[in-house]
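**Student:** Handing you a structure now.
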Amino acid sequence: MFGVCNLSIVPCRKEPSDRSEMVTQLLFGDHFEVLETQGSWCRIKTMYDSYECWIDKKQFLPIQQHTFDILNASGLFCANELVQIMTDNTTKQMFPVVIGSTLPNFDNGECPVENSSFTYDGAYITGKLPFTKMGIMEMAMMYLNAPYLWGGKTPFGIDCSGFTQMVYKLNGIKLLRDAYQQAEQGETLSFVEEAEAGDLAFFDNDEGRIVHVGIVMDNNKIIHASGKVRIDGFDHHGIFNNERKDYSHRLRLLKRIV
């Protein structure tokens with residue numbers, strides 16, 4: 001069984017319960033494989049980042065394998081406005097989609113998915129665009145001041161690794177979902193002085209586990225999600241919180257993804 005997200009945002013849970021913690025979100029257009037069902041819940045594996053989680057079976061559109069295969073082979077198109085309207089052509093109802101949402105089978109404003117079709121009339125980007133560090137920084141600033149939300153991936157609530165994943169997605173580069181997974185990607189840098197704007201910095205806790213990630217900026221700054229998406233000082237010790245006048249995160253390693 002396979003599915004695609006046909007709603008604005010769908011919470012993905014650690015366990016099959018509304019009371020379970022949200023570990024990530026599906027945005028419109030995300031497609032996935034259903035691994036098992038349990039009552040009104042489905043355990044899924046997302047195709048974008050191979051993340052496993054539980055969603056309510058009422059909150060997605062079931063699709064056939066041939067449709068799933070077509071979506072896997074399609075080029076990546078993403079909504080590139082903070083919020084824009086999508087129209088369900090079957091019901092004629094409108095609903096919002098947020099920046100970074102996938103536009104499945106996108107062609108001339110239309111998103112056909114099996115027997116359904118949606119119309120999107122906003123700005124979009126394609127994964128075929130050339131990657132630039134400047135593009136990373138421009139997209140990062142789109143999320144500035146977004147409130148922190150564990151498991152979130154939108155300007156209305158986002159966590160540290162959701163922030164880095166979405167910024168890179170909007171530049172055509174796939175990152176895995178969690179900070180410790182992202183830390184396994186790319187090329188390790190030896191010194192802070194080697195880091196350039198757009199590189200990733202990872203931070204650990206007292207047990208040595210990587211628990212935080214941010215995007216390096218020029219002029220000894222970093223943009224990251226901590227309370228909100230914010231800009232702080234950054235050096236070889238870690239992140240210096242400008243409001244607290246103290247270090248908030250301890251640097252573990254630096255990575256260049258592209």
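The chains in the structure tokens are called A, B, ... from first to last as shown; in each chain the residues are counted from 1, and the ligands are counted from 1 in the order shown.
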Among stretch 25-240 of chain A, which ones does DSSP assign to helix (DSSP H, G or I) (computed from the backbone)? Answer as an MDAnalysis selection string.
**Tutor:** chainID A and resid 65:73 133:142 160:169 179:182 192:194
**Student:** Could you pull the residues within 12 Å of A:Arg244, counting only C-alpha atoms, minus those fewer than 4 positions along the same chain, as a list in words?
**Tutor:**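 My list of contacting residues is Asp232, Gly233, Ile239, Phe240 and Ser248 of chain A.
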**Student:** Using only C-alpha atoms, which residue out of A:Val229, A:Leu176, A:Val167, A:Cys12 lies closest to A:Gly198?
**Tutor:**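 Among the listed residues, A:Val167 lies closest to A:Gly198.
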**Student:** Restricting the calculation to only C-alpha atoms, which member of A:Pro11, A:Gly135, A:Pro62, A:Gly151 is positioned closest to A:Glu114?
**Tutor:**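 Looking only at the distances to A:Glu114, the closest residue turns out to be A:Pro62.
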**Student:** Using only C-alpha atoms, which of A:Leu26, A:Val192, A:Leu71, A:Cys42 sits nearest A:Gly162?
**Tutor:** A:Leu26
